[in-house]
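K.L.:
Submitted below is the structure of interest, expressed as structure tokens.
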Amino acid sequence: MTAGYDDWRCPPDVERLSVKAEATIRQTLRQYVETPTAGVQKWFRLTDAGGKGLRPRLVLLAASLGSSPVERDQLLRAAGAVEVLHVATLYHDDVIDNATLRRGRQTLNAEHGNAVAICVGALLFAIAARELSDLGTFAQRFGPIVTRELCAGELWELEGAFDVDIDASDYEQIAARKTSSLFIFAVLLGLSMSGGTSTQEDALEKYALHLGLAFQLADDALDFLGERDRLGKDVGADLRAGVYTLPVVVALGSAEHGGPLRRLLLDSQLDERSLDEVATRVIDAGGVADTLERARTHSALAVEALSAVSSNDACSALARLALLASSRSR
Amino acid sequence: MPTRQADVVVVGAGPAGACTAFHLSALGYDVVIVERAEFPRDKTCGDGLTWSAVQALENIGALSLLAAPRRIDGVRFAVDKRSRVVRYSESHVPEAHGLVVPRVALDAAVLTCAVEAGARVVHGELRNLVLSDERVEAQYESPETGAEAIRARVVVGADGARSRVAALAGLGGAAVGDMGLAMRVYADECRGLDDLLHVYMPITRADGTTLASYGWAFPVSDHVANVGVGVYGSGDGRGIGRLLTRFVEQLRQADDRFSSSILRQQSARAAPLRFDFIPGATFGDAVLLVGDAAGMVSPFTGEGISFALESAAIAADSIDQYFKRRALDLSIYATKLGRAYAAYFEAGRRAAKRFRITWNVIRDSFDSDRPIFDLVRQGALYPELLGGGPAGGGAPLEPIEAQVAAIRTRLGADLIAVSELLIDATRAEWPALAKAIASAFDDPRIPFRPAVLLLLASYMGEPGPGAATQVATAALELGHLAVLCHFSVEDLEDRGGVARRDWSNKVAALLGDYLLARSAELLSSVGDTGSDMADHMAAMMLCRLEQGWGDARPRSEDYVSSVVRLSGELFRLPCALGAKLAQLPTSHSDALESFGSDLGVVWHLTDEIRTRRGLRTHYVQSVAGGLHDRIDLPLLLAAEQAEGVGLRPWRELMAADRLDVRAFIDEHSGLADTQRLVKQFGDSARRHLASLPLTDSVSALARIVDYAVRRGCDPPP
């Protein structure tokens, strides 16, 4: 049985900080919300229900690579801000995708409606922005840019809907903007708070780019292997919305399966039986295997990028994470 | 073979070419038009002329040459079974009108004008362009005399979507036929055609699926219609023929006016649609492209004549500048075009995809009156009526130019700068919207927006911060539009509970996020304002989230508190930021903030009064939409008055229809009581202003308060 994300351990001091960061987030949110609204309480649920706290840990790990001492409260707030930003995007993504499940639970929009989910998401965006505005030049300048990149990625994905001619590099560009950009922001933000060198910046940026792609591609592949409930995400919804992830893109290029797959995907109905056939064809055409292979390549590239950074416990943790991204079962 | 000489050779005698030739001849240049067809000749087109086109034709004296043009008052758009009518006579330009003129007549008239201005026409088909010694030689094949050539300083390509000039000059756009195709036919023996252009989207195929497509029926006379279809994406001739046949059938069955119409089969013809306009690809060393040759067609409506005529005028002006050495080269044409149009169109691979999204949104949100969807509709379907048009029956803009007359010059300059910032911030990803968003700021009547208060507040400082205030104003406007977008996201049950791929929600969410991000990016270049803005957005979202009134009736005091938190805040921040950027003393900025908050409440409550009176609030001003769909202060005050006098169950009131509710409100003086409160807030706003030094900008603010109070408290017209 392959190791999962749950087996990933950061150095103990980072783990401790990470717990404190979560407490900081709760405190920050309470400052904004005198009467806790349903939506804000749901946010707490999200992390309890298996949210990984991955991005805050990236901030904290990157911060321990620089040479200057870090102001601890600032660092905790930075880690918190990145997580709040991430959750904001999840709420909005779920509205945009009409998703009903996330991590095995009902989405906020499914439970309380789109209007609420959008407002809570926008509120969290505002809170993240507020925090970042207090955290130095890098945060102030690049926070908005990251958000814009995330939007652009979503937009490109949306406008590529039902495009059966999309190619793998288009797809990777979208994935990079949607997933990697926040990872990149997290590591560079952490590093900026501890005075990293430009060599370290370049290295971490590269690391985060490949890390994001490794995660995204592995997720895309795993979506096709599991059953609906176990995965917690509605795969069919993606296909019905015309969103074709890399396994599908690869399979569309197959001589044997490409044609039939095209016809299936463009059928406006796409019932359960057709979905099963799509999944089977995608797997048979090697779409899943190919995607996992690419994910592993990105993991290796992420680890390689780290070699330019001085080796320490934080670095090892980052390297282990990169490998786990593409070798986990969930 | 003697080579002729000329100043300019224009290839193509259609409206773009003839108009270019007219303007250049009128300036005294020697112009030769090379045209391969014998005039008069037919062209595939809807034959519809917008008000812009009509004005351009008036300019060159072509209108008087038209025999019996059909006068048009507007457009009726139908999407599936819903429709909207937009009329010029109900817009801010009531004298505006369109026309329908068959191309065979229109083109002949424009060419006549060009010839009468001195242009010469030769009959032939362009073969080659040869550049040498700062001259370009246009080589063409004449059916009478064989190979001919003309040497000129500039060649203008007005030869349509399949422009040979563009190809020869290496300026080719998308492979022709890749972007779209249109086909039309004339229908005789129609009955009772009216004064509207009718547009239908989309067309359904026989198998029930829809294409990104539209159909049209334009009245040429009482009994003759120009009927056609446009399809996006690559297609073939036979496919579009079938589509047209099907569309005509649908029209005959659904619409009495066409039930006994007869098609003039010989008049059926198709032509490619290109809408890949890039300013940089409209000129070369000695070449300019105008009209369809430059891909200047609206992807949403297929309209191209107004752009043809306007680009012709711009081309002539650019050539004139170039010949008089006031411009170094013809790039000045691209610059002028870019300024005028690039926010309408977008080029490249992504153009078709982005267009399709916008089109999907228009279709899915067609019967929603939420402001952001109004905005998208206007920007895409009737950009002409921006800045005050009836977005399907809406109210005209509320200009404040009278109120700000004393500081007009300075404010005007700042507003233009803001409009350019807004276009730059949005054109890359949302070109159809960029112009619409900016229109509120480049309109000389100065439509009121909360963000304008930022500028007015900042004028109290000396000498004033300039660029920073412009950037902050643009950022604030984008932020407010983001809020508008986010508030436009609906729960599908609200709209009949049909589970489908709802593009309107997706795009409202995405567009909101995008505008928010752009707002933050802009603001990051203006020091010290990011946290104010973030708090501002958070406050408005919290306000909306926290009112969970559900079935219960809120107390009017609680409702007013919510209004203060939402609309008061919306108007407070611009004042706060303006004061901060102008480094005003605390007492002044406090007074301005309080003024802003009170003004916001006035505006919100007068919005509610106006809505109850049946006046639609233009998207540009609407703020009241943020709180609740059915509850407003007039209703709450009426309900409180009614207590003990004849209590009507709240739930019943919530479910009653608007007329019923209005009657209830009138019976219990809901509007009058709201007006009383409006005046109180208005007086409070004035008191805060009174504590400030009396500058021109403060006087302007006071006049704005007066206006705001009157808009809800004056007796209805």
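Residues are referred to by chain and number: the chain letter is A, B, ... according to the order shown in the structure tokens, the number counts from 1 in that chain, and ligands are numbered separately from 1 in the order shown.
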Can you pull out every residue within 9 Å of range 608-613 of chain B, counting only C-alpha atoms, but drop anything in the same chain fewer than 3 positions away, and send it as an NGL selection string?

P.N.:
:B and (603-605 or 616-617 or 624 or 632-634 or 658 or 662 or 671 or 674-675 or 711-713 or 716)

K.L.:
For the selection you just gave me, I'd like the residues written to a file as a PDB file, in the first residue's frame, keeping C-alpha atoms.

P.N.:
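Ended up saving to out-v2.pdb:
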ATOM      1  CA  TRP B 603     -29.652  56.835  -2.680  1.00  0.00           C
ATOM      2  CA  HIS B 604     -30.671  53.359  -1.596  1.00  0.00           C
ATOM      3  CA  LEU B 605     -34.023  54.444  -0.197  1.00  0.00           C
ATOM      4  CA  ARG B 616     -36.259  50.808 -13.392  1.00  0.00           C
ATOM      5  CA  THR B 617     -32.911  51.732 -12.024  1.00  0.00           C
ATOM      6  CA  ALA B 624     -30.661  48.370  -3.571  1.00  0.00           C
ATOM      7  CA  ASP B 632     -38.039  47.151   1.198  1.00  0.00           C
ATOM      8  CA  LEU B 633     -38.563  50.046   3.575  1.00  0.00           C
ATOM      9  CA  PRO B 634     -41.852  51.325   2.107  1.00  0.00           C
ATOM     10  CA  ARG B 658     -46.712  43.806  -6.893  1.00  0.00           C
ATOM     11  CA  ARG B 662     -48.287  48.716  -3.857  1.00  0.00           C
ATOM     12  CA  LEU B 671     -43.831  55.831   0.467  1.00  0.00           C
ATOM     13  CA  THR B 674     -39.883  56.532   3.554  1.00  0.00           C
ATOM     14  CA  GLN B 675     -39.584  59.963   2.011  1.00  0.00           C
ATOM     15  CA  ARG B 711     -35.085  61.634  -7.269  1.00  0.00           C
ATOM     16  CA  GLY B 712     -37.287  59.912  -4.721  1.00  0.00           C
ATOM     17  CA  CYS B 713     -39.226  62.739  -3.102  1.00  0.00           C
ATOM     18  CA  PRO B 716     -43.782  61.515  -9.989  1.00  0.00           C
TER      19      PRO B 716
END

K.L.:
Excluding Ile174 in chain A and any residue of its chain fewer than 3 positions from it, enumerate the residues within 9 Å of it, using only C-alpha atoms, and give them as a ChimeraX atom specification.

P.N.:
/A:152-154,156-157,169-171,177-179

K.L.:
What are the residues of chain B that have an atom within 8 Å of an atom of chain A, counting only C-alpha atoms, as a PyMOL selection string?

P.N.:
chain B and resi 353-354+356-357+486-487+489-491+501+505-507+509-510+513-514+517-518+520-521+524-525+530-531+534-535+537-538+541-542+544-546

K.L.:
Would you output that residue set with N, CA and C atoms, as an mmCIF file, in the first residue's frame?

P.N.:
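out25.cif, written as the output of this step:
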data_model
loop_
_atom_site.group_PDB
_atom_site.id
_atom_site.type_symbol
_atom_site.label_atom_id
_atom_site.label_comp_id
_atom_site.auth_asym_id
_atom_site.auth_seq_id
_atom_site.Cartn_x
_atom_site.Cartn_y
_atom_site.Cartn_z
ATOM 1 N N LYS B 353 -13.604 31.328 -28.755
ATOM 2 C CA LYS B 353 -13.979 30.683 -27.499
ATOM 3 C C LYS B 353 -14.574 31.676 -26.518
ATOM 4 N N ARG B 354 -13.928 32.818 -26.412
ATOM 5 C CA ARG B 354 -14.423 33.821 -25.459
ATOM 6 C C ARG B 354 -15.797 34.310 -25.877
ATOM 7 N N ARG B 356 -17.995 32.589 -27.457
ATOM 8 C CA ARG B 356 -19.004 31.565 -27.198
ATOM 9 C C ARG B 356 -19.469 31.584 -25.758
ATOM 10 N N ILE B 357 -18.546 31.831 -24.867
ATOM 11 C CA ILE B 357 -18.939 31.940 -23.448
ATOM 12 C C ILE B 357 -19.912 33.091 -23.267
ATOM 13 N N HIS B 486 -21.182 39.310 -8.020
ATOM 14 C CA HIS B 486 -21.392 38.290 -6.999
ATOM 15 C C HIS B 486 -22.829 38.273 -6.509
ATOM 16 N N PHE B 487 -23.415 39.444 -6.389
ATOM 17 C CA PHE B 487 -24.815 39.497 -5.959
ATOM 18 C C PHE B 487 -25.761 39.001 -7.056
ATOM 19 N N VAL B 489 -25.338 36.163 -8.603
ATOM 20 C CA VAL B 489 -25.362 34.704 -8.621
ATOM 21 C C VAL B 489 -26.651 34.260 -7.966
ATOM 22 N N GLU B 490 -27.367 33.417 -8.643
ATOM 23 C CA GLU B 490 -28.675 33.009 -8.140
ATOM 24 C C GLU B 490 -28.699 31.546 -7.783
ATOM 25 N N ASP B 491 -29.715 31.215 -7.015
ATOM 26 C CA ASP B 491 -29.965 29.800 -6.795
ATOM 27 C C ASP B 491 -30.911 29.351 -7.886
ATOM 28 N N ARG B 501 -26.887 23.414 -17.415
ATOM 29 C CA ARG B 501 -25.578 24.033 -17.329
ATOM 30 C C ARG B 501 -25.807 25.535 -17.316
ATOM 31 N N ASN B 505 -24.655 31.832 -13.956
ATOM 32 C CA ASN B 505 -24.061 31.757 -12.624
ATOM 33 C C ASN B 505 -22.557 31.620 -12.681
ATOM 34 N N LYS B 506 -22.110 30.737 -13.558
ATOM 35 C CA LYS B 506 -20.663 30.507 -13.657
ATOM 36 C C LYS B 506 -19.954 31.814 -13.951
ATOM 37 N N VAL B 507 -20.482 32.479 -14.950
ATOM 38 C CA VAL B 507 -19.778 33.676 -15.389
ATOM 39 C C VAL B 507 -19.940 34.811 -14.386
ATOM 40 N N ALA B 509 -20.027 34.489 -11.207
ATOM 41 C CA ALA B 509 -19.051 34.203 -10.157
ATOM 42 C C ALA B 509 -17.638 34.507 -10.645
ATOM 43 N N LEU B 510 -17.334 34.003 -11.826
ATOM 44 C CA LEU B 510 -15.984 34.136 -12.352
ATOM 45 C C LEU B 510 -15.638 35.582 -12.668
ATOM 46 N N ASP B 513 -14.971 37.451 -9.506
ATOM 47 C CA ASP B 513 -13.636 37.179 -8.977
ATOM 48 C C ASP B 513 -12.577 37.912 -9.783
ATOM 49 N N TYR B 514 -12.745 37.883 -11.089
ATOM 50 C CA TYR B 514 -11.757 38.527 -11.949
ATOM 51 C C TYR B 514 -11.708 40.024 -11.698
ATOM 52 N N ALA B 517 -9.991 40.761 -8.495
ATOM 53 C CA ALA B 517 -8.545 40.616 -8.593
ATOM 54 C C ALA B 517 -7.926 41.816 -9.300
ATOM 55 N N ARG B 518 -8.546 42.248 -10.380
ATOM 56 C CA ARG B 518 -8.004 43.400 -11.116
ATOM 57 C C ARG B 518 -8.066 44.650 -10.252
ATOM 58 N N ALA B 520 -7.842 44.760 -7.008
ATOM 59 C CA ALA B 520 -6.761 44.683 -6.016
ATOM 60 C C ALA B 520 -5.409 44.971 -6.653
ATOM 61 N N GLU B 521 -5.227 44.486 -7.872
ATOM 62 C CA GLU B 521 -3.947 44.731 -8.557
ATOM 63 C C GLU B 521 -3.725 46.211 -8.769
ATOM 64 N N SER B 524 -2.879 47.975 -5.582
ATOM 65 C CA SER B 524 -1.590 47.689 -4.945
ATOM 66 C C SER B 524 -0.538 48.712 -5.363
ATOM 67 N N SER B 525 -0.818 49.453 -6.461
ATOM 68 C CA SER B 525 0.155 50.463 -6.864
ATOM 69 C C SER B 525 -0.109 51.794 -6.164
ATOM 70 N N GLY B 530 -5.023 49.330 0.352
ATOM 71 C CA GLY B 530 -5.450 47.946 0.220
ATOM 72 C C GLY B 530 -6.318 47.468 1.366
ATOM 73 N N SER B 531 -5.931 47.816 2.581
ATOM 74 C CA SER B 531 -6.690 47.283 3.708
ATOM 75 C C SER B 531 -8.052 47.951 3.818
ATOM 76 N N ALA B 534 -10.241 46.151 1.371
ATOM 77 C CA ALA B 534 -10.573 44.799 1.810
ATOM 78 C C ALA B 534 -11.644 44.839 2.904
ATOM 79 N N ASP B 535 -11.476 45.759 3.840
ATOM 80 C CA ASP B 535 -12.481 45.898 4.907
ATOM 81 C C ASP B 535 -13.843 46.257 4.323
ATOM 82 N N MET B 537 -15.058 45.568 1.308
ATOM 83 C CA MET B 537 -15.688 44.412 0.669
ATOM 84 C C MET B 537 -16.206 43.437 1.715
ATOM 85 N N ALA B 538 -15.396 43.218 2.746
ATOM 86 C CA ALA B 538 -15.801 42.281 3.786
ATOM 87 C C ALA B 538 -17.092 42.765 4.442
ATOM 88 N N MET B 541 -20.143 42.075 2.272
ATOM 89 C CA MET B 541 -20.493 40.660 2.217
ATOM 90 C C MET B 541 -21.120 40.203 3.536
ATOM 91 N N LEU B 542 -20.558 40.676 4.638
ATOM 92 C CA LEU B 542 -21.095 40.299 5.939
ATOM 93 C C LEU B 542 -22.525 40.786 6.082
ATOM 94 N N ARG B 544 -24.723 41.258 3.825
ATOM 95 C CA ARG B 544 -25.628 40.428 3.047
ATOM 96 C C ARG B 544 -25.825 39.049 3.674
ATOM 97 N N LEU B 545 -24.759 38.500 4.217
ATOM 98 C CA LEU B 545 -24.859 37.181 4.819
ATOM 99 C C LEU B 545 -25.663 37.186 6.104
ATOM 100 N N GLU B 546 -25.550 38.293 6.837
ATOM 101 C CA GLU B 546 -26.114 38.265 8.173
ATOM 102 C C GLU B 546 -27.595 38.545 8.241
#

K.L.:
Extract, using only C-alpha atoms, all DNA, RNA and protein residues at most 10 Å from Arg281 in chain A, discarding same-chain residues fewer than 5 positions from it, and format them as a VMD selection string.

P.N.:
chain A and resid 248 251 to 252 254 256 to 258 260 to 261 275 to 276 286 to 287

K.L.:
Deliver the residues from the most recent selection as a file, using C-alpha atoms, as a tab-separated table (two decimals), in the first residue's frame.

P.N.:
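Writing done, so here's out_30.tsv:
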chain	number	residue	atom	x	y	z
A	248	VAL	CA	-9.37	12.24	-21.16
A	251	ALA	CA	-7.40	9.13	-24.53
A	252	LEU	CA	-8.91	11.45	-27.13
A	254	SER	CA	-5.83	7.36	-29.12
A	256	GLU	CA	-8.68	3.16	-31.25
A	257	HIS	CA	-10.65	5.00	-28.58
A	258	GLY	CA	-10.44	8.63	-29.71
A	260	PRO	CA	-15.85	6.74	-29.95
A	261	LEU	CA	-14.82	8.85	-27.00
A	275	LEU	CA	-20.06	7.62	-18.15
A	276	ASP	CA	-18.94	4.08	-17.35
A	286	GLY	CA	-3.79	4.39	-21.29
A	287	GLY	CA	-5.04	7.81	-20.28

K.L.:
Can you list, as number ranges by chain, every protein, DNA or RNA residue that comes within 9 Å of Val110 in chain B when you count only C-alpha atoms, leaving out same-chain residues fewer than 3 positions away?

P.N.:
B: 13-15, 18-19, 22, 57, 60-63, 65, 105-107, 113-115

K.L.:
Excluding same-chain residues fewer than 3 positions from range 372-384 of chain B, what lies within 8 Å of it counting only C-alpha atoms, as a list in words?

P.N.:
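Near neighbours after the sequence-gap exclusion: Trp51, Ser52, Phe300, Thr301, Thr358, Ile362, Ser365, Phe366, Ser368, Asp369, Ala391, Ala432, Leu433, Lys435, Ala436, Ile437, Leu481, Leu484, Cys485, Ser488, Ser504, Ala508 and Tyr619 of chain B.
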
K.L.:
Please provide as a PyMOL selection string all residues within 12 Å of range 32-36 of chain B, with the sequence filter that same-chain residues fewer than 5 positions apart are discarded (counting only C-alpha atoms).

P.N.:
chain B and resi 4-22+24-25+41+111+114-115+117-127+138-144+148-160+164-165

K.L.:
Just to confirm, what's the straight-line distance from CA of Ser18 in chain A to CA of Leu76 in chain A in Å (one decimal)?

P.N.:
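It comes out at 7.9 Å.
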
K.L.:
One decimal, in Å: what's the spacing between CA of Ser326 in chain A and CA of Leu217 in chain A?

P.N.:
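Going from CA of Ser326 in chain A over to CA of Leu217 in chain A covers 7.9 Å.
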
K.L.:
If you run DSSP on the backbone, which residues of range 298-501 of chain B are alpha helix (DSSP H), as number ranges by chain?

P.N.:
B: 305-323, 331-341, 349-364, 371-381, 408-426, 431-442, 452-458, 467-487

K.L.:
Give the answer as one residue: which of B:His97, B:Arg408, B:His223, B:His23 has the shortest atom-to-atom distance to Leu196 in chain B, using only C-alpha atoms?

P.N.:
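Checking each of B:His97, B:Arg408, B:His223, B:His23 against Leu196 in chain B, counting only C-alpha atoms, the winner is B:His97.
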
K.L.:
Excluding Arg76 in chain B and its own-chain neighbours fewer than 4 positions away, which residues fall within 6 Å of it when counting only C-alpha atoms? Please give them as a list in words.

P.N.:
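Result of the neighbour search: Arg84, Val85 and His198 of chain B.
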
K.L.:
Export, as a PDB file, in the first residue's frame, the selected residues with all heavy atoms.

P.N.:
ATOM      1  N   ARG B  84     -36.923  40.501 -25.704  1.00  0.00           N
ATOM      2  CA  ARG B  84     -36.738  41.841 -25.169  1.00  0.00           C
ATOM      3  C   ARG B  84     -36.753  42.824 -26.328  1.00  0.00           C
ATOM      4  O   ARG B  84     -36.199  42.555 -27.381  1.00  0.00           O
ATOM      5  CB  ARG B  84     -35.374  41.970 -24.474  1.00  0.00           C
ATOM      6  CG  ARG B  84     -35.281  41.265 -23.156  1.00  0.00           C
ATOM      7  CD  ARG B  84     -33.924  41.469 -22.548  1.00  0.00           C
ATOM      8  NE  ARG B  84     -33.803  40.745 -21.295  1.00  0.00           N
ATOM      9  CZ  ARG B  84     -34.129  41.230 -20.111  1.00  0.00           C
ATOM     10  NH1 ARG B  84     -34.578  42.465 -20.022  1.00  0.00           N
ATOM     11  NH2 ARG B  84     -34.007  40.507 -19.015  1.00  0.00           N
ATOM     12  N   VAL B  85     -37.368  43.966 -26.078  1.00  0.00           N
ATOM     13  CA  VAL B  85     -37.393  44.999 -27.107  1.00  0.00           C
ATOM     14  C   VAL B  85     -36.589  46.182 -26.612  1.00  0.00           C
ATOM     15  O   VAL B  85     -36.736  46.606 -25.463  1.00  0.00           O
ATOM     16  CB  VAL B  85     -38.845  45.444 -27.402  1.00  0.00           C
ATOM     17  CG1 VAL B  85     -38.843  46.618 -28.365  1.00  0.00           C
ATOM     18  CG2 VAL B  85     -39.636  44.277 -27.970  1.00  0.00           C
ATOM     19  N   HIS B 198     -35.866  42.160 -36.071  1.00  0.00           N
ATOM     20  CA  HIS B 198     -36.101  40.981 -35.230  1.00  0.00           C
ATOM     21  C   HIS B 198     -34.916  40.042 -35.311  1.00  0.00           C
ATOM     22  O   HIS B 198     -34.494  39.666 -36.400  1.00  0.00           O
ATOM     23  CB  HIS B 198     -37.368  40.251 -35.682  1.00  0.00           C
ATOM     24  CG  HIS B 198     -38.604  41.027 -35.420  1.00  0.00           C
ATOM     25  ND1 HIS B 198     -39.524  40.659 -34.475  1.00  0.00           N
ATOM     26  CD2 HIS B 198     -39.059  42.187 -35.959  1.00  0.00           C
ATOM     27  CE1 HIS B 198     -40.514  41.550 -34.448  1.00  0.00           C
ATOM     28  NE2 HIS B 198     -40.250  42.485 -35.338  1.00  0.00           N
TER      29      HIS B 198
END

K.L.:
Please report, as a ChimeraX atom specification, each residue of range 76-301 of chain A to which DSSP assigns strand (DSSP E or B) when run on this structure's backbone.

P.N.:
/A:101-102,105-106

K.L.:
Go through B:Thr112, B:Ser267, B:Ser163, B:Ser556 one by one, measure the shortest atom-to-atom distance of each to Asn226 in chain B using only C-alpha atoms, and give the residue with the smallest value.

P.N.:
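Smallest distance to Asn226 in chain B is found for B:Ser267.
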
K.L.:
Between CA of Ser669 in chain B and CA of Pro715 in chain B, what is the distance, to one decimal in Å?

P.N.:
14.3 Å
